[in-house]
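As provided, structure32.cif (mmCIF, C-alpha atoms) reads as follows.
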```cif
data_data
loop_
_atom_site.label_atom_id
_atom_site.label_comp_id
_atom_site.auth_asym_id
_atom_site.auth_seq_id
_atom_site.Cartn_x
_atom_site.Cartn_y
_atom_site.Cartn_z
CA MET A 8 54.16 22.09 21.59
CA SER A 9 56.50 19.77 23.39
CA HIS A 10 55.75 16.22 22.28
CA ASN A 11 57.41 14.40 25.13
CA HIS A 12 54.39 15.20 27.25
CA THR A 13 51.28 13.20 26.53
CA ARG A 14 48.12 14.93 27.70
CA ILE A 15 45.02 12.97 28.61
CA ALA A 16 41.54 14.13 29.49
CA ILE A 17 38.33 12.25 30.12
CA GLU A 18 34.79 13.28 29.37
CA SER A 19 32.25 11.92 31.78
CA ALA A 20 28.66 13.12 32.11
CA ASP A 21 29.53 15.94 29.67
CA VAL A 22 32.30 17.21 31.98
CA TRP A 23 35.80 17.49 30.46
CA THR A 24 38.67 16.96 32.93
CA GLU A 25 42.37 16.77 32.18
CA LEU A 26 44.10 13.92 34.04
CA THR A 27 47.65 15.03 33.27
CA VAL A 28 49.86 17.82 34.54
CA GLY A 29 50.71 20.31 31.84
CA PRO A 30 51.27 23.99 31.24
CA GLU A 31 48.23 26.27 31.20
CA VAL A 32 47.42 26.65 27.51
CA ASN A 33 44.42 27.15 25.30
CA THR A 34 42.81 23.82 24.52
CA VAL A 35 40.83 22.86 21.45
CA ARG A 36 39.01 19.57 21.05
CA ILE A 37 38.74 17.96 17.64
CA VAL A 38 36.93 14.97 16.16
CA ALA A 39 38.32 13.07 13.19
CA SER A 40 37.46 10.01 11.15
CA ASP A 41 41.08 8.88 11.10
CA LEU A 42 44.54 9.82 12.39
CA ARG A 43 45.56 11.59 9.16
CA GLU A 44 42.55 13.91 9.38
CA ALA A 45 43.35 14.64 13.03
CA GLN A 46 46.98 15.40 12.15
CA GLN A 47 45.87 17.82 9.42
CA GLN A 48 43.44 19.57 11.79
CA ARG A 49 46.16 19.91 14.45
CA ALA A 50 48.63 21.36 11.91
CA ARG A 51 46.01 23.84 10.65
CA LEU A 52 45.06 24.96 14.18
CA HIS A 53 48.71 25.46 15.16
CA ALA A 54 49.40 27.37 11.92
CA GLU A 55 46.36 29.60 12.52
CA ALA A 56 47.64 30.38 16.03
CA VAL A 57 51.02 31.40 14.60
CA ASP A 58 49.29 33.52 11.92
CA ARG A 59 47.48 35.37 14.74
CA GLY A 60 50.86 36.11 16.32
CA GLU A 61 50.47 33.53 19.07
CA SER A 62 52.88 30.78 19.98
CA ALA A 63 51.92 27.33 18.75
CA ASP A 64 53.17 26.13 22.15
CA ASN A 65 50.24 27.98 23.74
CA LEU A 66 47.73 25.63 22.10
CA ALA A 67 46.93 22.02 22.97
CA VAL A 68 44.79 20.12 20.46
CA PHE A 69 42.92 17.20 22.07
CA LEU A 70 41.57 14.44 19.83
CA ASP A 71 38.34 12.81 20.97
CA LEU A 72 38.79 9.04 21.29
CA GLU A 73 35.79 6.81 21.89
CA ILE A 74 37.04 3.85 23.91
CA TYR A 75 36.03 0.47 25.25
CA ILE A 76 38.67 -1.71 26.87
CA ALA A 77 38.74 -5.18 28.40
CA ALA A 78 41.38 -7.68 29.54
CA ASP A 79 41.72 -9.08 26.00
CA ALA A 80 40.76 -7.84 22.55
CA ARG A 81 38.24 -10.61 21.81
CA THR A 82 36.34 -9.87 25.03
CA ALA A 83 36.44 -6.14 24.30
CA ARG A 84 34.98 -6.64 20.81
CA ARG A 85 32.28 -9.04 22.06
CA GLU A 86 31.23 -6.81 24.97
CA PHE A 87 31.31 -3.66 22.84
CA ALA A 88 29.09 -5.29 20.21
CA ALA A 89 26.51 -5.92 22.95
CA LEU A 90 26.42 -2.23 23.97
CA ASP A 91 23.91 0.26 22.67
CA ALA A 92 26.68 2.33 21.05
CA PRO A 93 26.19 4.15 17.74
CA ALA A 94 27.32 2.03 14.77
CA SER A 95 29.34 4.97 13.42
CA PRO A 96 31.69 6.67 15.85
CA SER A 97 31.63 10.45 16.20
CA SER A 98 35.44 10.42 16.18
CA ILE A 99 38.13 7.75 16.29
CA ARG A 100 37.03 4.64 18.19
CA TYR A 101 39.32 2.18 19.97
CA VAL A 102 38.03 -1.18 21.19
CA GLY A 103 40.74 -3.39 22.66
CA THR A 104 43.14 -3.81 25.55
CA PRO A 105 44.63 -1.35 28.06
CA SER A 106 48.12 -1.82 26.58
CA GLY A 107 46.80 -1.25 23.06
CA LEU A 108 45.06 1.95 24.14
CA ALA A 109 48.21 3.17 25.92
CA SER A 110 50.20 2.56 22.72
CA LEU A 111 47.63 4.39 20.59
CA ILE A 112 47.69 7.40 22.95
CA SER A 113 51.51 7.45 22.90
CA ASP A 114 51.54 7.21 19.09
CA VAL A 115 49.00 10.04 18.73
CA THR A 116 51.28 12.49 20.49
CA ALA A 117 54.60 11.12 19.15
CA ALA A 118 53.40 11.43 15.53
CA ASP A 119 51.99 14.96 16.01
CA VAL A 120 48.47 13.68 15.39
CA ALA A 121 47.29 15.64 18.46
CA ASP A 122 48.77 17.14 21.60
CA GLY A 123 46.48 15.03 23.76
CA VAL A 124 43.40 12.87 23.76
CA THR A 125 39.97 13.13 25.33
CA LEU A 126 38.74 9.69 26.35
CA GLN A 127 35.03 9.16 25.83
CA VAL A 128 34.15 5.93 27.60
CA HIS A 129 31.54 3.52 26.28
CA GLY A 130 30.00 0.99 28.62
CA GLU A 131 29.96 0.77 32.38
CA ILE A 132 32.08 3.70 33.60
CA GLU A 133 33.13 1.95 36.83
CA ARG A 134 34.54 -1.07 34.98
CA GLN A 135 36.22 1.06 32.32
CA SER A 136 37.67 3.31 35.04
CA THR A 137 39.27 0.27 36.66
CA PHE A 138 40.97 -0.69 33.37
CA LEU A 139 42.10 2.92 32.88
CA ALA A 140 43.41 3.39 36.42
CA ALA A 141 45.04 -0.03 36.77
CA GLY A 142 46.15 -0.62 33.18
CA VAL A 143 46.30 2.31 30.77
CA LEU A 144 47.48 5.12 33.05
CA PRO A 145 50.33 3.20 34.74
CA LEU A 146 51.66 2.21 31.31
CA LEU A 147 51.56 5.82 30.13
CA GLU A 148 53.13 6.98 33.38
CA SER A 149 55.99 4.50 32.88
CA ARG A 150 56.55 6.19 29.48
CA GLY A 151 56.85 9.64 31.03
CA THR A 152 53.27 10.90 31.15
CA ARG A 153 52.78 13.10 34.22
CA LEU A 154 49.43 12.38 35.83
CA ASP A 155 47.67 14.60 38.34
CA THR A 156 47.11 11.79 40.83
CA ASP A 157 44.58 13.76 42.89
CA VAL A 158 42.44 14.37 39.80
CA VAL A 159 42.86 10.78 38.59
CA ASP A 160 41.79 9.43 41.98
CA ALA A 161 38.83 11.82 42.17
CA ILE A 162 37.60 11.13 38.63
CA LEU A 163 38.29 7.42 38.28
CA SER A 164 37.78 6.46 41.94
CA ALA A 165 39.71 3.26 41.44
CA PRO A 166 42.86 2.04 43.16
CA ARG A 167 45.95 2.61 41.07
CA ILE A 168 48.48 -0.17 40.77
CA ALA A 169 52.03 1.02 40.43
CA PRO A 170 53.85 -0.47 37.44
CA THR A 171 56.33 -3.16 38.42
CA LEU A 172 59.84 -2.46 37.23
CA ALA A 173 61.98 -5.38 36.15
CA SER A 174 64.82 -5.94 38.57
#
```

Written as structure tokens, that's how I'd like the structure from this file.
Amino acid sequence: MSHNHTRIAIESADVWTELTVGPEVNTVRIVASDLREAQQQRARLHAEAVDRGESADNLAVFLDLEIYIAADARTARREFAALDAPASPSSIRYVGTPSGLASLISDVTAADVADGVTLQVHGEIERQSTFLAAGVLPLLESRGTRLDTDVVDAILSAPRIAPTLAS
């Protein structure tokens, strides 16, 4: 799988939707307790595809990421603690800032941990969508992620702010 293309999906109301533009491939979602476990699962799934005579490039492994983001990490932790979220995450959980989440997503694909991530949002979806649309996605886009803007607009329903380039 080409690793210069970060793939992002979101799960909302039990509906999985990819937000990025990518080749049509088989997708597999995984859960993991840490990044090493996810990396091992991805390697195994790609090896099994090759053993079946398929191309590993025809498989995209998406890691489930439980997320909660806010303008700063302290606020994110405080607000998340007040939610009725399970104490133990079902997969990897990120509570922090939009830039931190964008970096984690970039690292996941750059280090072959997974081919993409499925964002599972905790908290008020409208507020989290605003942070995703105005913070996380523009940062990823500036790093080369190709978003399907029609899908992003339809799913997140929030105005997107174009990243400002230094002049």

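Distance annotation: of A:Val57, A:Leu147, A:Ile17, A:Leu163, the residue with the minimal separation from Thr116 in chain A is A:Leu147; atom set is all atoms listed in the file.
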
Mind checking which residues fall within 9 Å of range 62-74 of chain A, counting all atoms listed in the file, ignoring those fewer than 5 positions away in the same chain, and posting them as an mmCIF file with C-alpha atoms, in the coordinates of the input?
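Heads up, here's the output in part14.cif:
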```cif
data_model
loop_
_atom_site.group_PDB
_atom_site.id
_atom_site.type_symbol
_atom_site.label_atom_id
_atom_site.label_comp_id
_atom_site.auth_asym_id
_atom_site.auth_seq_id
_atom_site.Cartn_x
_atom_site.Cartn_y
_atom_site.Cartn_z
ATOM 1 C CA MET A 8 54.160 22.090 21.590
ATOM 2 C CA SER A 9 56.500 19.770 23.390
ATOM 3 C CA ARG A 14 48.120 14.930 27.700
ATOM 4 C CA ILE A 15 45.020 12.970 28.610
ATOM 5 C CA ALA A 16 41.540 14.130 29.490
ATOM 6 C CA PRO A 30 51.270 23.990 31.240
ATOM 7 C CA GLU A 31 48.230 26.270 31.200
ATOM 8 C CA VAL A 32 47.420 26.650 27.510
ATOM 9 C CA ASN A 33 44.420 27.150 25.300
ATOM 10 C CA THR A 34 42.810 23.820 24.520
ATOM 11 C CA VAL A 35 40.830 22.860 21.450
ATOM 12 C CA ARG A 36 39.010 19.570 21.050
ATOM 13 C CA ILE A 37 38.740 17.960 17.640
ATOM 14 C CA VAL A 38 36.930 14.970 16.160
ATOM 15 C CA ALA A 39 38.320 13.070 13.190
ATOM 16 C CA ALA A 45 43.350 14.640 13.030
ATOM 17 C CA GLN A 48 43.440 19.570 11.790
ATOM 18 C CA ARG A 49 46.160 19.910 14.450
ATOM 19 C CA LEU A 52 45.060 24.960 14.180
ATOM 20 C CA HIS A 53 48.710 25.460 15.160
ATOM 21 C CA ALA A 54 49.400 27.370 11.920
ATOM 22 C CA GLU A 55 46.360 29.600 12.520
ATOM 23 C CA ALA A 56 47.640 30.380 16.030
ATOM 24 C CA VAL A 57 51.020 31.400 14.600
ATOM 25 C CA PRO A 96 31.690 6.670 15.850
ATOM 26 C CA SER A 97 31.630 10.450 16.200
ATOM 27 C CA SER A 98 35.440 10.420 16.180
ATOM 28 C CA ILE A 99 38.130 7.750 16.290
ATOM 29 C CA ARG A 100 37.030 4.640 18.190
ATOM 30 C CA TYR A 101 39.320 2.180 19.970
ATOM 31 C CA VAL A 102 38.030 -1.180 21.190
ATOM 32 C CA GLY A 103 40.740 -3.390 22.660
ATOM 33 C CA LEU A 108 45.060 1.950 24.140
ATOM 34 C CA VAL A 115 49.000 10.040 18.730
ATOM 35 C CA VAL A 120 48.470 13.680 15.390
ATOM 36 C CA ALA A 121 47.290 15.640 18.460
ATOM 37 C CA ASP A 122 48.770 17.140 21.600
ATOM 38 C CA GLY A 123 46.480 15.030 23.760
ATOM 39 C CA VAL A 124 43.400 12.870 23.760
ATOM 40 C CA THR A 125 39.970 13.130 25.330
ATOM 41 C CA LEU A 126 38.740 9.690 26.350
ATOM 42 C CA GLN A 127 35.030 9.160 25.830
ATOM 43 C CA VAL A 128 34.150 5.930 27.600
ATOM 44 C CA HIS A 129 31.540 3.520 26.280
ATOM 45 C CA GLY A 130 30.000 0.990 28.620
ATOM 46 C CA GLN A 135 36.220 1.060 32.320
#
```

Completion exercise
From CA of Pro93 in chain A to CA of Ser19 in chain A the spacing works out at 17.2 Å

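Reported to one decimal place, the separation of CA of Leu139 in chain A from CA of Ile76 in chain A is 8.3 Å.
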
Fill in the blank from the handout: Using only C-alpha atoms, the shortest atom-to-atom distance to Leu26 in chain A among A:Ser110, A:Gln46, A:Ala141, A:Thr13 belongs to A:Thr13
